[in-house]
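For reference, final_12.txt is printed below; it contains compact mmCIF, C-alpha atoms.
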# COMPACT_ATOMS: atom_id res chain seq x y z
CA MET A 207 -48.44 -42.82 -76.88
CA LYS A 208 -45.03 -44.56 -76.70
CA MET A 209 -42.11 -42.15 -77.20
CA MET A 210 -38.71 -42.98 -78.72
CA LYS A 211 -35.58 -41.69 -77.06
CA ALA A 212 -34.59 -38.39 -78.67
CA ASP A 213 -31.41 -38.63 -80.76
CA GLU A 214 -29.33 -36.16 -82.73
CA LEU A 215 -31.19 -33.28 -84.32
CA ALA A 216 -31.74 -33.53 -88.07
CA LEU A 217 -30.69 -29.88 -88.14
CA ALA A 218 -27.28 -31.07 -86.96
CA GLY A 219 -27.08 -33.96 -89.42
CA GLY A 220 -29.07 -36.58 -87.51
CA LYS A 221 -31.83 -38.80 -88.92
CA PRO A 222 -35.24 -37.08 -89.24
CA ALA A 223 -37.82 -38.34 -86.77
CA VAL A 224 -40.59 -38.45 -89.40
CA THR A 225 -39.89 -41.12 -91.99
CA LEU A 226 -43.44 -41.81 -93.19
CA LYS A 227 -44.66 -39.75 -96.14
CA CYS A 228 -47.33 -37.08 -96.07
CA PRO A 229 -50.47 -38.15 -97.98
CA ARG A 230 -50.71 -36.62 -101.45
CA TRP A 231 -53.18 -33.92 -102.36
CA PRO A 232 -55.52 -33.53 -104.20
CA VAL A 233 -57.26 -36.90 -104.14
CA SER A 234 -59.38 -38.27 -106.98
CA GLY A 235 -61.30 -41.49 -107.63
CA ARG A 236 -62.65 -43.73 -110.36
CA GLN A 237 -66.12 -42.15 -110.23
CA GLU A 238 -64.74 -38.81 -111.41
CA LEU A 239 -63.03 -40.53 -114.37
CA VAL A 240 -66.27 -42.20 -115.44
CA TRP A 241 -68.26 -38.98 -115.13
CA MET A 242 -65.54 -36.91 -116.79
CA GLU A 243 -65.46 -39.08 -119.91
CA LYS A 244 -69.23 -38.80 -120.27
CA VAL A 245 -69.07 -35.02 -119.86
CA VAL A 246 -66.32 -34.68 -122.47
CA ARG A 247 -68.27 -36.82 -124.94
CA SER A 248 -71.54 -34.98 -124.23
CA GLY A 249 -70.33 -31.58 -125.33
CA LYS A 250 -72.17 -30.04 -122.36
CA TRP A 251 -69.18 -28.43 -120.72
CA SER A 252 -70.62 -25.34 -119.06
CA TRP A 253 -73.64 -23.13 -118.50
CA LEU A 254 -75.24 -24.90 -115.55
CA GLY A 255 -75.04 -28.50 -116.69
CA PRO A 256 -76.49 -31.54 -114.88
CA HIS A 257 -73.41 -32.13 -112.70
CA GLU A 258 -73.30 -28.52 -111.53
CA ARG A 259 -77.01 -28.61 -110.69
CA ALA A 260 -76.55 -31.91 -108.85
CA PHE A 261 -73.57 -30.62 -106.88
CA CYS A 262 -75.45 -27.48 -105.81
CA GLU A 263 -78.25 -29.63 -104.40
CA GLU A 264 -75.83 -32.05 -102.72
CA TYR A 265 -73.68 -29.32 -101.22
CA ALA A 266 -76.65 -27.37 -99.88
CA ARG A 267 -77.78 -30.54 -98.07
CA PHE A 268 -74.26 -31.12 -96.76
CA ILE A 269 -73.96 -27.57 -95.38
CA GLY A 270 -77.58 -27.36 -94.22
CA SER A 271 -78.59 -24.38 -96.36
CA LYS A 272 -81.59 -23.97 -98.64
CA TYR A 273 -79.59 -22.75 -101.62
CA CYS A 274 -76.17 -23.11 -103.21
CA VAL A 275 -74.73 -21.34 -106.27
CA CYS A 276 -71.43 -22.34 -107.90
CA LEU A 277 -69.13 -19.57 -109.15
CA ALA A 278 -65.73 -19.19 -110.80
CA ASN A 279 -63.65 -18.80 -107.62
CA GLY A 280 -63.73 -17.98 -103.92
CA THR A 281 -63.12 -14.27 -104.42
CA VAL A 282 -66.07 -13.45 -106.65
CA THR A 283 -68.21 -15.47 -104.22
CA ILE A 284 -67.51 -12.84 -101.54
CA GLN A 285 -68.19 -10.01 -103.99
CA CYS A 286 -71.53 -11.44 -105.08
CA ALA A 287 -72.57 -12.40 -101.54
CA LEU A 288 -71.90 -8.88 -100.27
CA GLN A 289 -73.84 -7.31 -103.13
CA ALA A 290 -76.70 -9.76 -102.68
CA VAL A 291 -77.14 -8.87 -99.00
CA GLY A 292 -77.30 -5.18 -99.88
CA MET A 293 -73.77 -3.75 -99.70
CA LYS A 294 -73.32 -0.60 -101.77
CA PRO A 295 -70.30 1.56 -102.64
CA GLY A 296 -69.29 3.62 -99.61
CA ASP A 297 -70.73 1.17 -97.08
CA GLU A 298 -68.33 -0.19 -94.47
CA VAL A 299 -67.65 -3.88 -93.94
CA ILE A 300 -65.70 -5.20 -90.95
CA VAL A 301 -63.00 -7.76 -91.80
CA PRO A 302 -60.34 -9.45 -89.63
CA GLY A 303 -56.80 -8.16 -90.08
CA LEU A 304 -55.57 -11.75 -90.44
CA THR A 305 -57.03 -13.54 -93.46
CA TRP A 306 -56.14 -14.24 -97.06
CA VAL A 307 -56.01 -10.93 -98.91
CA ALA A 308 -58.98 -11.81 -101.14
CA THR A 309 -61.42 -11.38 -98.24
CA ALA A 310 -60.66 -7.68 -98.08
CA GLN A 311 -59.96 -7.33 -101.79
CA ALA A 312 -63.40 -8.63 -102.76
CA ALA A 313 -65.09 -6.01 -100.61
CA LEU A 314 -62.87 -3.21 -101.91
CA ASP A 315 -63.59 -4.24 -105.49
CA ILE A 316 -67.34 -3.70 -105.13
CA GLY A 317 -66.80 -0.22 -103.67
CA ALA A 318 -67.12 -1.07 -99.99
CA ASN A 319 -64.77 0.45 -97.42
CA VAL A 320 -62.96 -2.26 -95.48
CA VAL A 321 -62.41 -1.75 -91.76
CA LEU A 322 -59.77 -4.20 -90.52
CA VAL A 323 -60.00 -5.25 -86.86
CA ASP A 324 -58.03 -7.41 -84.46
CA ILE A 325 -58.36 -11.13 -83.83
CA ASP A 326 -58.77 -13.48 -80.89
CA PRO A 327 -55.19 -14.46 -79.92
CA GLU A 328 -56.20 -18.10 -79.35
CA THR A 329 -58.29 -18.95 -82.42
CA LEU A 330 -56.87 -16.28 -84.80
CA CYS A 331 -60.47 -15.56 -85.82
CA ILE A 332 -62.11 -12.13 -85.68
CA ASP A 333 -62.57 -10.76 -82.14
CA PRO A 334 -66.25 -9.93 -81.41
CA ALA A 335 -65.17 -7.14 -79.02
CA ALA A 336 -63.13 -5.57 -81.84
CA ILE A 337 -66.17 -5.76 -84.12
CA GLU A 338 -68.30 -3.91 -81.58
CA LYS A 339 -65.74 -1.11 -81.25
CA ALA A 340 -65.43 -0.65 -85.02
CA ILE A 341 -69.13 -0.19 -85.82
CA THR A 342 -70.16 3.20 -87.19
CA ARG A 343 -73.29 4.52 -88.85
CA LYS A 344 -71.79 3.45 -92.20
CA THR A 345 -71.21 -0.17 -91.14
CA LYS A 346 -73.46 -2.55 -93.05
CA ALA A 347 -71.81 -5.97 -92.83
CA ILE A 348 -69.34 -8.26 -91.06
CA ILE A 349 -67.18 -10.93 -92.70
CA PRO A 350 -66.22 -13.48 -90.04
CA VAL A 351 -63.45 -15.70 -91.45
CA HIS A 352 -63.37 -19.25 -90.09
CA LEU A 353 -59.60 -19.51 -90.26
CA TYR A 354 -57.30 -22.56 -90.49
CA GLY A 355 -58.57 -24.99 -87.82
CA CYS A 356 -60.99 -22.79 -85.86
CA MET A 357 -64.44 -21.27 -86.15
CA CYS A 358 -65.42 -17.74 -85.19
CA ASP A 359 -67.61 -17.15 -82.14
CA MET A 360 -70.83 -17.15 -84.15
CA ASP A 361 -73.04 -16.68 -81.07
CA ALA A 362 -71.40 -13.36 -80.24
CA ILE A 363 -71.15 -12.24 -83.87
CA MET A 364 -74.80 -12.94 -84.67
CA LYS A 365 -75.90 -11.11 -81.51
CA ILE A 366 -73.88 -8.06 -82.55
CA ALA A 367 -75.26 -8.26 -86.09
CA HIS A 368 -78.87 -8.45 -84.89
CA ARG A 369 -78.39 -5.63 -82.40
CA HIS A 370 -76.91 -3.30 -85.02
CA LYS A 371 -78.92 -4.62 -88.02
CA LEU A 372 -75.82 -5.76 -89.88
CA LYS A 373 -75.49 -8.49 -92.50
CA VAL A 374 -73.11 -11.41 -91.96
CA VAL A 375 -71.24 -13.02 -94.86
CA GLU A 376 -69.22 -15.96 -93.58
CA ASP A 377 -65.90 -16.62 -95.29
CA VAL A 378 -65.84 -20.42 -95.17
CA ALA A 379 -62.96 -21.01 -97.57
CA HIS A 380 -61.16 -23.08 -94.89
CA GLN A 381 -64.07 -24.86 -93.25
CA HIS A 382 -65.95 -27.15 -95.63
CA GLY A 383 -68.13 -29.07 -93.19
CA SER A 384 -67.50 -27.40 -89.82
CA ARG A 385 -70.56 -27.11 -87.58
CA TRP A 386 -71.36 -24.64 -84.79
CA ARG A 387 -73.97 -25.96 -82.36
CA ASN A 388 -74.70 -28.45 -85.14
CA ARG A 389 -75.35 -25.70 -87.70
CA GLY A 390 -73.16 -25.73 -90.76
CA ALA A 391 -70.59 -23.00 -91.28
CA GLY A 392 -71.97 -21.08 -94.22
CA ALA A 393 -75.58 -21.53 -93.13
CA ILE A 394 -75.48 -19.37 -89.99
CA GLY A 395 -75.09 -15.86 -91.40
CA ASN A 396 -76.91 -14.27 -94.33
CA ALA A 397 -74.59 -16.01 -96.80
CA GLY A 398 -71.53 -18.26 -96.82
CA SER A 399 -68.62 -18.01 -99.26
CA PHE A 400 -66.61 -21.13 -100.13
CA SER A 401 -63.43 -21.61 -102.17
CA PHE A 402 -62.61 -24.79 -104.09
CA GLN A 403 -59.07 -23.74 -105.01
CA GLN A 404 -56.49 -26.54 -105.27
CA SER A 405 -55.26 -26.39 -101.66
CA LYS A 406 -58.76 -26.55 -100.13
CA PRO A 407 -60.25 -29.65 -98.44
CA LEU A 408 -62.88 -29.78 -101.21
CA THR A 409 -61.33 -28.79 -104.52
CA CYS A 410 -61.74 -28.73 -108.28
CA GLY A 411 -58.56 -26.73 -108.89
CA GLU A 412 -60.42 -23.42 -108.90
CA GLY A 413 -64.03 -22.51 -108.19
CA GLY A 414 -66.29 -21.40 -105.40
CA ALA A 415 -69.84 -21.43 -104.07
CA VAL A 416 -72.22 -19.28 -102.08
CA THR A 417 -74.74 -20.84 -99.70
CA CYS A 418 -77.73 -19.02 -98.22
CA ASN A 419 -81.26 -19.49 -96.87
CA ASP A 420 -82.92 -16.42 -98.40
CA LYS A 421 -84.41 -16.79 -101.90
CA ALA A 422 -83.91 -13.11 -102.70
CA VAL A 423 -80.19 -13.44 -101.89
CA TYR A 424 -80.01 -16.61 -103.97
CA ASP A 425 -81.76 -15.02 -106.95
CA THR A 426 -79.41 -12.02 -106.87
CA ILE A 427 -76.25 -14.14 -106.66
CA PHE A 428 -77.49 -16.35 -109.47
CA ALA A 429 -78.09 -13.34 -111.74
CA LEU A 430 -74.74 -11.77 -110.83
CA LYS A 431 -72.99 -15.02 -111.74
CA GLN A 432 -75.07 -16.01 -114.78
CA VAL A 433 -74.78 -12.79 -116.89
CA GLY A 434 -78.16 -11.55 -115.68
CA TRP A 435 -80.25 -14.69 -116.12
CA GLY A 436 -82.44 -15.78 -113.21
CA PRO A 437 -82.78 -19.34 -111.85
CA ASP A 438 -86.01 -19.69 -113.84
CA GLY A 439 -84.15 -19.22 -117.11
CA LYS A 440 -85.58 -15.74 -117.72
CA PRO A 441 -83.74 -12.41 -117.70
CA ALA A 442 -83.62 -11.16 -114.11
CA ASN A 443 -83.34 -7.49 -115.12
CA ARG A 444 -80.16 -7.26 -113.04
CA TYR A 445 -76.58 -6.27 -113.78
CA GLY A 446 -74.69 -9.54 -114.20
CA HIS A 447 -71.24 -11.01 -114.81
CA ASN A 448 -69.92 -14.26 -116.23
CA TYR A 449 -68.62 -16.09 -113.17
CA SER A 450 -69.56 -19.55 -114.44
CA MET A 451 -68.13 -22.89 -113.40
CA THR A 452 -67.54 -25.74 -115.86
CA GLU A 453 -69.08 -29.21 -115.81
CA MET A 454 -65.59 -30.71 -115.44
CA GLN A 455 -65.12 -28.78 -112.20
CA ALA A 456 -68.51 -29.91 -110.94
CA VAL A 457 -67.55 -33.55 -111.59
CA LEU A 458 -64.44 -33.17 -109.40
CA LEU A 459 -66.50 -31.53 -106.66
CA ARG A 460 -69.15 -34.26 -106.66
CA GLY A 461 -66.45 -36.91 -106.34
CA GLY A 462 -64.67 -35.00 -103.59
CA LEU A 463 -67.89 -34.46 -101.67
CA GLN A 464 -68.42 -38.22 -101.51
CA ARG A 465 -65.12 -38.54 -99.60
CA LEU A 466 -65.35 -35.38 -97.54
CA THR A 467 -67.26 -36.66 -94.49
CA ARG A 468 -64.78 -39.52 -94.01
CA GLN A 469 -61.84 -37.15 -94.46
CA ILE A 470 -63.24 -34.69 -91.91
CA ALA A 471 -63.62 -37.51 -89.38
CA LEU A 472 -60.04 -38.69 -89.96
CA ARG A 473 -58.65 -35.17 -89.65
CA GLU A 474 -60.60 -34.59 -86.44
CA ASP A 475 -59.33 -37.87 -84.98
CA ASN A 476 -55.72 -37.14 -85.90
CA ALA A 477 -55.96 -33.56 -84.62
CA GLN A 478 -57.17 -34.86 -81.26
CA CYS A 479 -54.32 -37.38 -81.23
CA LEU A 480 -51.76 -34.64 -81.86
CA ALA A 481 -53.30 -32.33 -79.28
CA ALA A 482 -53.19 -35.08 -76.64
CA GLY A 483 -49.61 -35.98 -77.56
CA LEU A 484 -48.42 -32.39 -77.26
CA GLN A 485 -50.19 -31.95 -73.94
CA LYS A 486 -48.41 -35.05 -72.64
CA ILE A 487 -44.89 -34.00 -73.68
CA GLY A 488 -45.28 -30.33 -72.74
CA GLY A 489 -42.95 -27.69 -74.14
CA PRO A 490 -43.53 -24.50 -76.12
CA LEU A 491 -46.00 -25.90 -78.67
CA ARG A 492 -49.64 -26.79 -78.08
CA ALA A 493 -52.77 -27.22 -80.15
CA VAL A 494 -55.23 -24.35 -80.05
CA ARG A 495 -58.08 -24.93 -77.60
CA ARG A 496 -61.27 -26.12 -79.27
CA ASP A 497 -64.49 -24.26 -78.50
CA PRO A 498 -67.01 -26.77 -77.08
CA ARG A 499 -69.74 -25.20 -79.21
CA ILE A 500 -68.03 -26.59 -82.32
CA THR A 501 -69.81 -29.89 -82.98
CA ARG A 502 -67.71 -30.78 -86.04
CA GLN A 503 -64.38 -29.21 -86.94
CA ALA A 504 -63.19 -29.33 -90.52
CA TYR A 505 -59.57 -28.37 -91.11
CA TYR A 506 -57.84 -26.40 -93.83
CA ALA A 507 -54.97 -26.45 -91.37
CA MET A 508 -54.55 -27.33 -87.71
CA THR A 509 -53.75 -24.26 -85.62
CA PHE A 510 -50.98 -24.32 -82.99
CA VAL A 511 -49.78 -21.84 -80.38
CA PHE A 512 -46.03 -21.40 -79.88
CA ASP A 513 -45.12 -19.93 -76.49
CA PRO A 514 -41.74 -18.13 -76.70
CA SER A 515 -41.50 -18.00 -72.90
CA LEU A 516 -41.17 -21.81 -72.85
CA ALA A 517 -38.71 -22.05 -75.75
CA ASP A 518 -35.37 -21.24 -74.10
CA GLY A 519 -34.83 -18.23 -76.35
CA VAL A 520 -35.71 -20.05 -79.59
CA THR A 521 -37.89 -17.99 -81.91
CA LYS A 522 -40.93 -19.31 -83.76
CA ALA A 523 -39.03 -19.26 -87.05
CA GLU A 524 -36.10 -21.19 -85.56
CA TYR A 525 -38.43 -23.71 -83.96
CA ALA A 526 -40.27 -24.25 -87.26
CA LYS A 527 -36.93 -24.69 -89.06
CA ALA A 528 -35.90 -27.43 -86.65
CA LEU A 529 -39.27 -29.17 -87.02
CA ALA A 530 -39.06 -29.02 -90.82
CA ALA A 531 -35.65 -30.69 -90.70
CA GLU A 532 -37.25 -33.51 -88.69
CA GLY A 533 -39.86 -34.02 -91.42
CA CYS A 534 -42.81 -32.26 -89.82
CA ALA A 535 -43.11 -29.01 -91.71
CA MET A 536 -45.34 -26.36 -90.19
CA GLY A 537 -46.14 -23.06 -91.83
CA GLY A 538 -46.67 -19.59 -90.50
CA THR A 539 -49.87 -17.67 -90.98
CA TYR A 540 -50.80 -15.27 -93.73
CA ALA A 541 -49.22 -11.86 -93.39
CA ALA A 542 -51.42 -9.17 -91.88
CA VAL A 543 -53.75 -7.96 -94.63
CA TYR A 544 -52.53 -4.38 -94.26
CA LYS A 545 -48.87 -5.48 -94.57
CA ASN A 546 -49.15 -8.26 -97.12
CA SER A 547 -46.70 -7.70 -100.00
CA LEU A 548 -49.14 -9.45 -102.35
CA LEU A 549 -51.71 -6.71 -101.79
CA ASN A 550 -50.19 -3.26 -102.13
CA LEU A 551 -53.20 -1.29 -100.96
CA TYR A 552 -51.68 1.97 -102.20
CA ASP A 553 -50.63 0.84 -105.67
CA THR A 554 -52.29 2.60 -108.62
CA THR A 555 -54.09 -0.66 -109.44
CA SER A 556 -55.82 -0.58 -106.04
CA PRO A 557 -59.08 1.29 -105.41
CA VAL A 558 -57.70 2.68 -102.14
CA PRO A 559 -55.75 5.68 -103.56
CA PHE A 560 -58.89 6.81 -105.38
CA ARG A 561 -61.10 6.84 -102.29
CA ASP A 562 -61.68 9.82 -100.03
CA ARG A 563 -58.97 9.44 -97.38
CA LYS A 564 -61.30 10.92 -94.78
CA THR A 565 -63.72 8.03 -95.20
CA ILE A 566 -61.32 5.05 -95.20
CA GLN A 567 -59.07 3.40 -92.67
CA ASN A 568 -55.41 4.42 -92.74
CA TYR A 569 -53.89 1.02 -93.52
CA ARG A 570 -50.32 2.38 -93.55
CA ALA A 571 -50.57 3.42 -89.91
CA LEU A 572 -52.69 0.48 -88.76
CA LYS A 573 -51.36 -1.77 -86.02
CA LEU A 574 -53.38 -4.69 -84.70
CA PRO A 575 -51.41 -6.18 -81.79
CA ASN A 576 -52.95 -9.66 -81.72
CA VAL A 577 -52.56 -10.03 -85.49
CA GLU A 578 -48.92 -8.99 -85.42
CA LYS A 579 -48.06 -11.14 -82.42
CA ALA A 580 -49.62 -14.20 -84.05
CA VAL A 581 -47.91 -13.58 -87.38
CA ASN A 582 -44.47 -12.85 -85.92
CA GLU A 583 -44.27 -14.80 -82.66
CA THR A 584 -46.91 -17.35 -81.75
CA ALA A 585 -48.96 -19.00 -84.54
CA LEU A 586 -48.01 -22.10 -86.52
CA VAL A 587 -50.22 -24.24 -88.76
CA MET A 588 -50.18 -27.80 -90.12
CA SER A 589 -51.78 -28.37 -93.52
CA HIS A 590 -54.83 -30.60 -93.88
CA PRO A 591 -53.25 -33.31 -96.11
CA GLN A 592 -50.89 -34.09 -93.21
CA LEU A 593 -53.96 -34.74 -91.04
CA LEU A 594 -54.95 -37.55 -93.43
CA GLY A 595 -51.91 -39.56 -92.37
CA THR A 596 -51.86 -42.80 -90.41
CA ARG A 597 -51.73 -42.99 -86.64
CA GLY A 598 -48.08 -43.97 -87.02
CA TYR A 599 -47.47 -40.74 -88.93
CA MET A 600 -49.09 -38.76 -86.11
CA THR A 601 -46.94 -40.60 -83.56
CA GLN A 602 -43.80 -39.67 -85.49
CA TRP A 603 -44.90 -36.02 -85.49
CA VAL A 604 -45.19 -36.02 -81.71
CA GLN A 605 -41.82 -37.75 -81.43
CA ALA A 606 -40.25 -35.14 -83.71
CA ILE A 607 -41.65 -32.29 -81.64
CA ALA A 608 -40.45 -33.94 -78.43
CA LYS A 609 -37.00 -34.34 -79.99
CA VAL A 610 -36.79 -30.64 -80.84
CA ASN A 611 -38.10 -29.70 -77.38
CA ASP A 612 -35.31 -31.75 -75.79
CA HIS A 613 -32.66 -29.84 -77.76
CA LEU A 614 -33.85 -26.22 -77.67
CA GLY A 615 -30.44 -24.90 -76.67
CA GLN A 616 -28.82 -26.68 -79.61
CA VAL A 617 -31.56 -25.44 -81.99
CA LYS A 618 -30.84 -21.86 -80.96
CA ALA A 619 -27.08 -22.27 -81.35
CA LEU A 620 -27.33 -23.95 -84.76
CA CYS A 621 -29.83 -21.45 -86.16
CA ARG A 622 -27.82 -18.45 -84.94
CA LYS A 623 -24.61 -19.93 -86.34
CA GLN A 624 -26.23 -20.49 -89.72
CA ALA A 625 -27.68 -16.97 -89.69
CA ASP A 626 -24.28 -15.48 -88.84
CA GLY A 627 -22.72 -17.50 -91.64
CA LYS A 628 -25.20 -16.18 -94.18
CA LYS A 629 -24.68 -12.65 -92.93
CA GLY A 630 -20.91 -13.03 -93.30
CA GLN A 631 -21.29 -14.25 -96.88
CA SER A 632 -23.59 -11.32 -97.63
CA ASP A 633 -21.07 -8.83 -96.18
CA LYS A 634 -18.33 -10.26 -98.43
CA CYS A 635 -20.51 -9.73 -101.47
What does this structure look like when you write it as structure tokens?
Amino acid sequence: MKMMKADELALAGGKPAVTLKCPRWPVSGRQELVWMEKVVRSGKWSWLGPHERAFCEEYARFIGSKYCVCLANGTVTIQCALQAVGMKPGDEVIVPGLTWVATAQAALDIGANVVLVDIDPETLCIDPAAIEKAITRKTKAIIPVHLYGCMCDMDAIMKIAHRHKLKVVEDVAHQHGSRWRNRGAGAIGNAGSFSFQQSKPLTCGEGGAVTCNDKAVYDTIFALKQVGWGPDGKPANRYGHNYSMTEMQAVLLRGGLQRLTRQIALREDNAQCLAAGLQKIGGPLRAVRRDPRITRQAYYAMTFVFDPSLADGVTKAEYAKALAAEGCAMGGTYAAVYKNSLLNLYDTTSPVPFRDRKTIQNYRALKLPNVEKAVNETALVMSHPQLLGTRGYMTQWVQAIAKVNDHLGQVKALCRKQADGKKGQSDKC
């Protein structure tokens, strides 16, 4: 990969290294417009229409599961999946401390007690050793979250689950199409939960799905979603909700699924290009190491490791600020679940204050070192639309990172000066 000579930092007023534009998201095509008009004219807008049925069949084949059920969003999918595999109020479920808050929230909302555990510092996914240590007689399930651009160690997790007779509900909101030893994420555990929210690699704005291989699990999820009706159109004699998806959403999903395999391949290719480019230039930023057991890696985001010891005193936040100025914006991770300001676990609207404190984890006192180090010091992510860029766009990203690496001392000085200036203005106020 040919490198340009580094010039003045954009942070200092120089020209940004990345001049090509990030691809737009979401993507749509003509097929969706044709289908959408027919749906609107048909008057069949919901209640398991032909497009929803078709998508469920197509997506099950894509994932490699026997069954697929579409639901309203990727939170109720976790709720229904946990209930369908047998979780009851008071049971414990093990969840990683680094994930979107809905993973834990969904379990809390069905009466389960969430036990948050630490993550693998490389992949940011749940640490199998931490799972093993957290198991008690009340533990009934594990939710491995395939996070950003990595999959969990499903070999180790499934061994633990079999040994302790635990259920596994995969949170696959970030990994539409990833494969572990050529088995689809979402078809390895007892159930897989997918989100189709706007930012996801397969999207209809909002929506979700559960995949599984057990008919009893499928029947229960269907009844929970379809106000108590069974897949055969008869009352299932179960307690149900209305978590339906619309036909318009199903149209968008069918169109997106037609593009998804090509998009996964392009993201994989560009991720490998970036990883190789960063390895060549060296410096404090590298791509996370890919587990060789992953036979296809889908990306909600590409995961990077920032090494402060190689950054000449520059912090992760300062490094990311310099990169953003160059036109290659990287984000941080989610906040730790137990510290996330969007999920006040002790607010009166939360179920936590109304639980027996002797039976639940003390989230206020919880400290998970790998989670907190990743959040505060070492983890950066690149969103999946950026991975749909051209090879020239990827080259500019590597050039931008090399440019920042060549000026770490200046980055530190500029960021500290700006911070001092803001502090001075605040003191005057």
* Which residue of A:Ala530, A:Cys228, A:Cys262, A:Ala456 approaches His590 in chain A most closely, using all atoms listed in the file ->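 Closest to His590 in chain A, using all atoms listed in the file: A:Cys228.
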Given only C-alpha atoms, how would the per-residue table for range 357-410 of chain A near range 423-444 of chain A read, listing every residue at most 12 Å away with its closest atom pair and distance in Å to one decimal, sorted by chain and number, as JSON lines?
{"residue": "A:Lys373", "atom": "CA", "partner": "A:Val423", "partner_atom": "CA", "distance": 11.6}
{"residue": "A:Val375", "atom": "CA", "partner": "A:Val423", "partner_atom": "CA", "distance": 11.4}
{"residue": "A:Gly395", "atom": "CA", "partner": "A:Val423", "partner_atom": "CA", "distance": 11.9}
{"residue": "A:Asn396", "atom": "CA", "partner": "A:Val423", "partner_atom": "CA", "distance": 8.3}
{"residue": "A:Ala397", "atom": "CA", "partner": "A:Val423", "partner_atom": "CA", "distance": 8.0}
{"residue": "A:Gly398", "atom": "CA", "partner": "A:Val423", "partner_atom": "CA", "distance": 11.1}
{"residue": "A:Ser399", "atom": "CA", "partner": "A:Ile427", "partner_atom": "CA", "distance": 11.3}
Selected residues written out, C-alpha atoms, as a compact mmCIF listing (two decimals), keeping the file's coordinate frame:
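Wrote it out as selection04.txt, contents follow:
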# COMPACT_ATOMS: atom_id res chain seq x y z
CA LYS A 373 -75.49 -8.49 -92.50
CA VAL A 375 -71.24 -13.02 -94.86
CA GLY A 395 -75.09 -15.86 -91.40
CA ASN A 396 -76.91 -14.27 -94.33
CA ALA A 397 -74.59 -16.01 -96.80
CA GLY A 398 -71.53 -18.26 -96.82
CA SER A 399 -68.62 -18.01 -99.26
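Put simply, CA of Gly537 in chain A is 19.0 Å away from CA of Leu614 in chain A.
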* Asked: Can you tell me, as a list in words, what residues are no more than 8 Å from Pro591 in chain A when counting all atoms listed in the file, ignoring any on the same chain fewer than 6 positions away?
  -> Cys228, Pro229, Arg230 and Trp231 of chain A
* To do: Report the distance between CA of Ser384 in chain A and CA of Gln404 in chain A in Å, rounded to one decimal place.
  =>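 So the two atoms, CA of Ser384 in chain A and CA of Gln404 in chain A, lie 19.0 Å apart.
Between Gln311 in chain A and the residues A:Gly538, A:Gly280, A:Gly355, A:Gly296, the shortest atom-to-atom distance, using only C-alpha atoms, involves A:Gly280.
Among A:His380, A:Arg499, A:His257, A:Lys623, the residue with the shortest atom-to-atom distance to Val351 in chain A, counting all atoms listed in the file, is A:His380.
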* Would you mind telling me which residue in A:Ala481, A:Cys286, A:Met357, A:Ala580 lies nearest to Tyr506 in chain A when using all atoms listed in the file? =>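 Counting all atoms listed in the file, the residue closest to Tyr506 in chain A is A:Met357.
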* To do: Around the point (-61.4, -27.2, -79.8), in the coordinates given by the file, pick out the residues reaching within 10 Å, counting only C-alpha atoms, and return them as JSON, numbers by chain.
  => {"A": [329, 355, 356, 357, 474, 477, 478, 481, 493, 494, 495, 496, 497, 498, 499, 500, 501, 502, 503]}
* To do: Find the residues around Ser556 in chain A up to 10 Å (all atoms listed in the file counted), leave out those fewer than 6 positions away in its own chain, and share them as a list in words.
  => Gln311, Leu314, Asp315, Leu549 and Asn550 of chain A
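One distance worth recording is that between CA of Thr417 in chain A and CA of Val378 in chain A, which is 10.0 Å.
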* Asked: Taking into account all atoms listed in the file, which residue in the set A:Glu412, A:Glu532, A:Asp513, A:Glu376 is nearest to Met360 in chain A?
  -> A:Glu376
I'd like the box whose edges run along x, y and z of the file and which contains every listed atom of range 415-428 of chain A, padded by 3 Å per side; could you state its centre and edge lengths in Å, one decimal, as JSON?
{"center_x": -77.1, "center_y": -16.7, "center_z": -103.2, "size_x": 20.6, "size_y": 15.4, "size_z": 18.6}
